[in-house]
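*Asks:* Structure below; questions to follow.
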Amino acid sequence: MKCMQPGYIKNFQCDGKICGARCCRDWRIVVDEDTYDKFSELENTTQEKIFQHTEWVEDETEGVDILVLKLREDGVCSLLGEDCLCKLQKNHGEEFLSAICQSYPRVTYKIDDETFEQSMTLTCPLAAKLILLSETPITFEEVEKVTARAIIGFKQKISRPVEEFINIQMQAVKILQDRNFSINRRLKNLCELFYKNNLPDKKFNLDKHAQILSEIFIETYGAKLTHQQKKELRKNYLLNRENILRQTYEKFGNIFENYLVNEFFMRCYPCAYSGGEFHNVKVFITAFRFLEFSLVLTAVAKKNMNVENLTTLIYSVNDTLDHSQGGMDAIINFANSCNAENFVLQML
């Protein structure tokens, strides 16, 4: 067995006291079969104490009942202590955590029977800071152990042989980490890698760019805006985009590079979504442009963009897209609707 992973994983340590146990709030935490069996092997009194914190609910996707941990009225897991530590882990050890709790914020894919990829999601504030704030480029290494129990089967989605798939990912990482070029030029180079040709020679259209991103923004956040409010949203972005992005990239270029590299690997691009590799790259870049759009609006509102504000924005946007089907649908639909010429025109 082999697992490809970023070097930062070995440096991660969960500490709910620092982030307020953010991952223990407002999530549906499933008690998987293996964890249920471990609960059932405990003495009856202990079992009862644990199972009183669980309930059966219907999984609308699968159409079956599943066992989940109860949430309190404030949305916090009922097993979270006042010290922001899990009572299960404190009393019985990490092996009694549900697979998702033990694994988070790690994201693990099974590429084939013997090959895995593991990284971390930026929706965890501690992981986000560890990944984003590194001044040196993210490195990757091959290890012989998978540390997460929650594993996503992915081998049916890969369009290349495994070694070739990993190789093309590393080629993409190399492009995204090439500091001889601006972030924008790196994204163009990434497109050319998967377009397998020179991109159409089209001049970037800022008005169309702002129009698309404002529509995605409205869809993502479910905002009900009047025509005038939509117009003001685009105007605000257009007036401030150039200066804010230039200043932010000058100060925090490493953060954006680390973000792009981690997202590409963590979501298993260029095969994250159906539709082909170039389609996936269009999704990847559009999602990043959406982050830029959110950054500009946030910077205008806050009048300043420091490290704390930026990292908070990044994991907030990622969290929103991960839990807003409308937002990702809008991004995917846009990528699917435009050919290379229109994509260059509106996103590059």
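Each chain of the structure tokens is named A, B, ... in the order shown, its residues numbered from 1; ligands are numbered from 1 in display order.
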Could you give me, as a ChimeraX atom specification, the residues within 12 Å of Asp329 in chain A, counting only C-alpha atoms and dropping anything in the same chain fewer than 6 positions from it?

*Replies:* /A:215-217,219-220,273,283,286-287,321-323,335-337

*Asks:* Taking C-alpha atoms for each residue, export the selection above as a short mmCIF file (atom, residue, chain, number, x, y, z; two decimals), in the first residue's frame.

*Replies:*
data_model
loop_
_atom_site.label_atom_id
_atom_site.label_comp_id
_atom_site.auth_asym_id
_atom_site.auth_seq_id
_atom_site.Cartn_x
_atom_site.Cartn_y
_atom_site.Cartn_z
CA GLU A 215 -24.45 35.59 -10.60
CA ILE A 216 -22.49 32.78 -8.93
CA PHE A 217 -22.23 34.86 -5.74
CA GLU A 219 -26.69 31.76 -6.32
CA THR A 220 -24.21 30.62 -3.67
CA TYR A 273 -16.16 16.12 -11.51
CA VAL A 283 -14.31 24.45 -12.64
CA THR A 286 -13.82 29.52 -11.78
CA ALA A 287 -14.02 28.51 -8.10
CA LEU A 321 -19.18 26.06 -1.43
CA ASP A 322 -18.91 22.62 0.17
CA HIS A 323 -22.34 23.04 1.73
CA ALA A 335 -17.71 25.74 -16.90
CA ASN A 336 -19.85 23.31 -18.87
CA SER A 337 -21.55 26.02 -20.91
#

*Asks:* Please provide the set of residues having any atom within 12 Å of Leu97 in chain A, restricted to only C-alpha atoms, with same-chain residues fewer than 3 positions apart removed, written as an NGL selection string.

*Replies:* :A and (29-39 or 50 or 69 or 79-80 or 85-94 or 100-104 or 148-150)

*Asks:* Save the residues we just selected, N, CA and C atoms, as a compact mmCIF listing (two decimals), in the first residue's frame?

*Replies:*
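Resulting contents of out_4.txt:
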# COMPACT_ATOMS: atom_id res chain seq x y z
N ILE A 29 -23.28 14.10 12.13
CA ILE A 29 -22.18 13.17 12.39
C ILE A 29 -22.74 11.75 12.43
N VAL A 30 -22.43 10.98 11.41
CA VAL A 30 -22.95 9.61 11.28
C VAL A 30 -22.13 8.65 12.14
N VAL A 31 -22.83 7.78 12.86
CA VAL A 31 -22.16 6.69 13.59
C VAL A 31 -22.06 5.52 12.62
N ASP A 32 -20.87 5.30 12.08
CA ASP A 32 -20.70 4.24 11.09
C ASP A 32 -20.79 2.87 11.74
N GLU A 33 -20.87 1.84 10.91
CA GLU A 33 -21.10 0.48 11.41
C GLU A 33 -20.00 0.00 12.36
N ASP A 34 -18.75 0.27 12.01
CA ASP A 34 -17.65 -0.18 12.87
C ASP A 34 -17.70 0.50 14.23
N THR A 35 -18.00 1.79 14.24
CA THR A 35 -18.09 2.52 15.51
C THR A 35 -19.26 2.02 16.34
N TYR A 36 -20.39 1.75 15.67
CA TYR A 36 -21.57 1.21 16.36
C TYR A 36 -21.22 -0.12 17.04
N ASP A 37 -20.48 -0.96 16.33
CA ASP A 37 -20.08 -2.25 16.91
C ASP A 37 -19.20 -2.06 18.15
N LYS A 38 -18.31 -1.06 18.11
CA LYS A 38 -17.46 -0.80 19.28
C LYS A 38 -18.28 -0.32 20.46
N PHE A 39 -19.27 0.55 20.20
CA PHE A 39 -20.16 0.99 21.27
C PHE A 39 -20.87 -0.21 21.90
N ILE A 50 -23.85 6.40 26.14
CA ILE A 50 -23.44 6.84 24.80
C ILE A 50 -24.64 6.93 23.86
N LEU A 69 -25.20 11.32 15.75
CA LEU A 69 -25.07 11.93 17.07
C LEU A 69 -26.02 13.12 17.16
N LEU A 79 -21.97 15.44 22.59
CA LEU A 79 -20.85 14.79 23.26
C LEU A 79 -19.64 15.72 23.42
N LEU A 80 -19.78 16.97 23.02
CA LEU A 80 -18.68 17.91 23.18
C LEU A 80 -18.72 18.51 24.57
N LEU A 85 -13.44 19.47 24.17
CA LEU A 85 -12.90 18.14 23.89
C LEU A 85 -14.03 17.14 23.85
N CYS A 86 -13.89 16.12 23.00
CA CYS A 86 -14.93 15.10 22.84
C CYS A 86 -14.92 14.15 24.03
N LYS A 87 -16.08 13.95 24.63
CA LYS A 87 -16.18 13.05 25.78
C LYS A 87 -15.87 11.60 25.39
N LEU A 88 -16.23 11.22 24.18
CA LEU A 88 -15.93 9.86 23.72
C LEU A 88 -14.42 9.62 23.69
N GLN A 89 -13.72 10.56 23.09
CA GLN A 89 -12.27 10.39 22.97
C GLN A 89 -11.59 10.44 24.35
N LYS A 90 -12.05 11.34 25.20
CA LYS A 90 -11.46 11.46 26.54
C LYS A 90 -11.66 10.19 27.36
N ASN A 91 -12.85 9.60 27.26
CA ASN A 91 -13.19 8.47 28.12
C ASN A 91 -12.81 7.11 27.55
N HIS A 92 -12.75 7.00 26.20
CA HIS A 92 -12.57 5.68 25.59
C HIS A 92 -11.44 5.62 24.56
N GLY A 93 -10.91 6.77 24.13
CA GLY A 93 -9.83 6.76 23.15
C GLY A 93 -10.31 7.11 21.75
N GLU A 94 -9.36 7.48 20.90
CA GLU A 94 -9.68 7.93 19.54
C GLU A 94 -10.39 6.87 18.72
N ILE A 100 -15.79 9.65 10.54
CA ILE A 100 -15.68 11.02 10.03
C ILE A 100 -15.00 11.92 11.05
N CYS A 101 -15.28 11.72 12.35
CA CYS A 101 -14.66 12.55 13.39
C CYS A 101 -13.18 12.22 13.53
N GLN A 102 -12.84 10.94 13.43
CA GLN A 102 -11.44 10.54 13.53
C GLN A 102 -10.64 11.07 12.35
N SER A 103 -11.27 11.15 11.19
CA SER A 103 -10.58 11.49 9.95
C SER A 103 -10.45 12.99 9.71
N TYR A 104 -11.49 13.75 10.03
CA TYR A 104 -11.51 15.18 9.74
C TYR A 104 -10.37 15.89 10.45
N ALA A 148 -6.46 7.98 8.15
CA ALA A 148 -7.89 8.27 8.28
C ALA A 148 -8.71 7.02 8.01
N ARG A 149 -9.85 6.88 8.73
CA ARG A 149 -10.73 5.74 8.50
C ARG A 149 -11.81 6.03 7.46
N ALA A 150 -12.18 7.30 7.32
CA ALA A 150 -13.17 7.67 6.31
C ALA A 150 -12.47 7.83 4.97

*Asks:* Can you pull out the residues contacting Ile168 in chain A? Cut-off 10 Å, using only C-alpha atoms, and skip same-chain residues under 6 positions away; I want them as a ChimeraX atom specification.

*Replies:* /A:160,162,174,193-194,269-270

*Asks:* How about saving the chosen residues, N, CA, C and O atoms kept, as an mmCIF file, in the first residue's frame?

*Replies:*
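And here's again-v1.cif as it stands now:
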data_model
loop_
_atom_site.group_PDB
_atom_site.id
_atom_site.type_symbol
_atom_site.label_atom_id
_atom_site.label_comp_id
_atom_site.auth_asym_id
_atom_site.auth_seq_id
_atom_site.Cartn_x
_atom_site.Cartn_y
_atom_site.Cartn_z
ATOM 1 N N ARG A 160 -7.205 8.144 -16.244
ATOM 2 C CA ARG A 160 -5.869 7.707 -16.655
ATOM 3 C C ARG A 160 -5.420 6.551 -15.774
ATOM 4 O O ARG A 160 -5.967 6.343 -14.685
ATOM 5 N N VAL A 162 -3.192 4.904 -12.909
ATOM 6 C CA VAL A 162 -2.903 5.554 -11.634
ATOM 7 C C VAL A 162 -1.597 6.342 -11.652
ATOM 8 O O VAL A 162 -1.558 7.510 -11.249
ATOM 9 N N LYS A 174 3.525 21.625 -10.063
ATOM 10 C CA LYS A 174 4.752 22.336 -10.473
ATOM 11 C C LYS A 174 4.425 23.653 -11.160
ATOM 12 O O LYS A 174 5.076 24.682 -10.929
ATOM 13 N N LEU A 193 -1.909 23.045 -20.234
ATOM 14 C CA LEU A 193 -1.507 21.664 -19.960
ATOM 15 C C LEU A 193 -2.642 20.699 -20.281
ATOM 16 O O LEU A 193 -2.414 19.629 -20.865
ATOM 17 N N PHE A 194 -3.853 21.073 -19.931
ATOM 18 C CA PHE A 194 -4.984 20.159 -20.107
ATOM 19 C C PHE A 194 -5.777 20.429 -21.385
ATOM 20 O O PHE A 194 -6.503 19.555 -21.845
ATOM 21 N N TYR A 269 -8.435 16.919 -8.578
ATOM 22 C CA TYR A 269 -8.414 17.397 -9.954
ATOM 23 C C TYR A 269 -7.261 16.706 -10.688
ATOM 24 O O TYR A 269 -6.272 16.324 -10.075
ATOM 25 N N PRO A 270 -7.395 16.463 -11.992
ATOM 26 C CA PRO A 270 -8.414 16.949 -12.908
ATOM 27 C C PRO A 270 -9.593 15.990 -13.102
ATOM 28 O O PRO A 270 -10.200 15.982 -14.173
#

*Asks:* If we count only C-alpha atoms and set the cut-off at 10 Å, which residues sit around Ile218 in chain A, ignoring sequence neighbours fewer than 2 positions away in its own chain? Please answer as a list in words.

*Replies:*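 Contacts, with the query itself left out: Leu213, Ser214, Glu215, Ile216, Thr220, Tyr221, Gly222, Ala223, Lys224, Leu225, Lys230, Leu233, Gly326, Gly327 and Ala330 of chain A.
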
*Asks:* State, in Å with one decimal place, the distance from CA of Ala128 in chain A to CA of Met1 in chain A.

*Replies:*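 Between CA of Ala128 in chain A and CA of Met1 in chain A the gap works out to 27.8 Å.
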
*Asks:* Per residue of range 200-304 of chain A within 12 Å of range 130-137 of chain A, record the nearest atom pair and its distance in Å to one decimal, counting only C-alpha atoms, with rows in chain order and ascending residue number, as CSV.

*Replies:*
residue,atom,partner,partner_atom,distance
A:Lys251,CA,A:Glu135,CA,11.7
A:Phe252,CA,A:Leu133,CA,8.8
A:Gly253,CA,A:Glu135,CA,9.3
A:Asn254,CA,A:Glu135,CA,6.1
A:Ile255,CA,A:Leu132,CA,4.8
A:Phe256,CA,A:Leu132,CA,7.5
A:Glu257,CA,A:Pro137,CA,8.0
A:Asn258,CA,A:Leu132,CA,5.3
A:Tyr259,CA,A:Leu132,CA,6.1
A:Leu260,CA,A:Leu132,CA,9.7
A:Val261,CA,A:Pro137,CA,9.0
A:Asn262,CA,A:Ile131,CA,7.8
A:Glu263,CA,A:Ile131,CA,10.7
A:Met266,CA,A:Ile131,CA,11.7

*Asks:* From range 122-231 of chain A, collect each residue whose DSSP state is strand (DSSP E) and return the set as a list in words.

*Replies:*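 Selecting the strand (DSSP E) positions of range 122-231 of chain A gives Phe140, Glu141, Glu142, Val143, Ile152 and Gly153 of chain A.
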
*Asks:* Would you export the selected residues with N, CA and C atoms as a PDB file, in the first residue's frame, please?

*Replies:*
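Written file, out35.pdb:
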ATOM      1  N   PHE A 140       5.328  17.080  -1.410  1.00  0.00           N
ATOM      2  CA  PHE A 140       4.550  15.844  -1.378  1.00  0.00           C
ATOM      3  C   PHE A 140       5.483  14.669  -1.141  1.00  0.00           C
ATOM      4  N   GLU A 141       4.943  13.658  -0.461  1.00  0.00           N
ATOM      5  CA  GLU A 141       5.735  12.483  -0.137  1.00  0.00           C
ATOM      6  C   GLU A 141       4.868  11.236  -0.210  1.00  0.00           C
ATOM      7  N   GLU A 142       5.525  10.100  -0.387  1.00  0.00           N
ATOM      8  CA  GLU A 142       4.829   8.822  -0.420  1.00  0.00           C
ATOM      9  C   GLU A 142       5.065   8.106   0.899  1.00  0.00           C
ATOM     10  N   VAL A 143       3.984   7.720   1.578  1.00  0.00           N
ATOM     11  CA  VAL A 143       4.074   7.000   2.848  1.00  0.00           C
ATOM     12  C   VAL A 143       3.346   5.671   2.714  1.00  0.00           C
ATOM     13  N   ILE A 152     -12.780   7.783   0.652  1.00  0.00           N
ATOM     14  CA  ILE A 152     -13.669   7.953  -0.500  1.00  0.00           C
ATOM     15  C   ILE A 152     -13.161   7.091  -1.656  1.00  0.00           C
ATOM     16  N   GLY A 153     -13.991   6.196  -2.128  1.00  0.00           N
ATOM     17  CA  GLY A 153     -13.631   5.399  -3.296  1.00  0.00           C
ATOM     18  C   GLY A 153     -13.614   6.273  -4.541  1.00  0.00           C
TER      19      GLY A 153
END

*Asks:* Could you check which of A:Tyr249, A:Phe51, A:Phe343, A:Phe264 is closest to Val173 in chain A, using only C-alpha atoms?

*Replies:* A:Phe264

*Asks:* Extract, using only C-alpha atoms, all DNA, RNA and protein residues at most 10 Å from Cys77 in chain A, discarding same-chain residues fewer than 6 positions from it, and format them as a ChimeraX atom specification.

*Replies:* /A:21,23-29,53,69-71,86

*Asks:* Those same residues, written as a PDB file, in the first residue's frame with N, CA, C and O atoms?

*Replies:*
ATOM      1  N   ALA A  21     -13.708  24.141  18.652  1.00  0.00           N
ATOM      2  CA  ALA A  21     -14.273  22.879  18.138  1.00  0.00           C
ATOM      3  C   ALA A  21     -15.281  23.151  17.029  1.00  0.00           C
ATOM      4  O   ALA A  21     -16.407  22.683  17.038  1.00  0.00           O
ATOM      5  N   CYS A  23     -15.558  22.063  14.072  1.00  0.00           N
ATOM      6  CA  CYS A  23     -16.060  20.919  13.313  1.00  0.00           C
ATOM      7  C   CYS A  23     -17.111  20.129  14.080  1.00  0.00           C
ATOM      8  O   CYS A  23     -17.708  19.193  13.529  1.00  0.00           O
ATOM      9  N   CYS A  24     -17.342  20.452  15.350  1.00  0.00           N
ATOM     10  CA  CYS A  24     -18.346  19.743  16.157  1.00  0.00           C
ATOM     11  C   CYS A  24     -19.662  20.513  16.195  1.00  0.00           C
ATOM     12  O   CYS A  24     -20.506  20.265  17.059  1.00  0.00           O
ATOM     13  N   ARG A  25     -19.835  21.420  15.269  1.00  0.00           N
ATOM     14  CA  ARG A  25     -21.023  22.274  15.246  1.00  0.00           C
ATOM     15  C   ARG A  25     -21.706  22.215  13.885  1.00  0.00           C
ATOM     16  O   ARG A  25     -21.062  22.313  12.848  1.00  0.00           O
ATOM     17  N   ASP A  26     -23.023  22.035  13.929  1.00  0.00           N
ATOM     18  CA  ASP A  26     -23.869  22.149  12.732  1.00  0.00           C
ATOM     19  C   ASP A  26     -23.561  21.117  11.646  1.00  0.00           C
ATOM     20  O   ASP A  26     -23.854  21.334  10.475  1.00  0.00           O
ATOM     21  N   TRP A  27     -22.935  19.991  12.040  1.00  0.00           N
ATOM     22  CA  TRP A  27     -22.676  18.907  11.100  1.00  0.00           C
ATOM     23  C   TRP A  27     -23.520  17.692  11.499  1.00  0.00           C
ATOM     24  O   TRP A  27     -23.734  17.439  12.681  1.00  0.00           O
ATOM     25  N   ARG A  28     -23.934  16.939  10.506  1.00  0.00           N
ATOM     26  CA  ARG A  28     -24.584  15.660  10.809  1.00  0.00           C
ATOM     27  C   ARG A  28     -23.488  14.605  10.915  1.00  0.00           C
ATOM     28  O   ARG A  28     -22.841  14.270   9.934  1.00  0.00           O
ATOM     29  N   ILE A  29     -23.281  14.102  12.127  1.00  0.00           N
ATOM     30  CA  ILE A  29     -22.183  13.170  12.388  1.00  0.00           C
ATOM     31  C   ILE A  29     -22.739  11.745  12.430  1.00  0.00           C
ATOM     32  O   ILE A  29     -23.428  11.354  13.365  1.00  0.00           O
ATOM     33  N   HIS A  53     -27.105   9.790  23.394  1.00  0.00           N
ATOM     34  CA  HIS A  53     -26.680  10.938  22.587  1.00  0.00           C
ATOM     35  C   HIS A  53     -26.834  10.681  21.087  1.00  0.00           C
ATOM     36  O   HIS A  53     -26.308  11.445  20.282  1.00  0.00           O
ATOM     37  N   LEU A  69     -25.202  11.320  15.749  1.00  0.00           N
ATOM     38  CA  LEU A  69     -25.068  11.934  17.069  1.00  0.00           C
ATOM     39  C   LEU A  69     -26.020  13.123  17.159  1.00  0.00           C
ATOM     40  O   LEU A  69     -26.156  13.900  16.218  1.00  0.00           O
ATOM     41  N   LYS A  70     -26.680  13.253  18.304  1.00  0.00           N
ATOM     42  CA  LYS A  70     -27.608  14.361  18.501  1.00  0.00           C
ATOM     43  C   LYS A  70     -26.854  15.684  18.617  1.00  0.00           C
ATOM     44  O   LYS A  70     -25.741  15.733  19.136  1.00  0.00           O
ATOM     45  N   LEU A  71     -27.499  16.725  18.151  1.00  0.00           N
ATOM     46  CA  LEU A  71     -26.986  18.077  18.335  1.00  0.00           C
ATOM     47  C   LEU A  71     -27.842  18.799  19.363  1.00  0.00           C
ATOM     48  O   LEU A  71     -29.060  18.584  19.427  1.00  0.00           O
ATOM     49  N   CYS A  86     -13.889  16.120  22.999  1.00  0.00           N
ATOM     50  CA  CYS A  86     -14.926  15.105  22.844  1.00  0.00           C
ATOM     51  C   CYS A  86     -14.916  14.145  24.031  1.00  0.00           C
ATOM     52  O   CYS A  86     -13.876  13.585  24.391  1.00  0.00           O
TER      53      CYS A  86
END

*Asks:* Quick check for you: according to DSSP on this backbone, which residues of range 181-317 of chain A are classed as alpha helix (DSSP H)? Reply as a VMD selection string.

*Replies:* chain A and resid 183 to 195 206 to 221 227 to 266 277 to 302 307 to 317
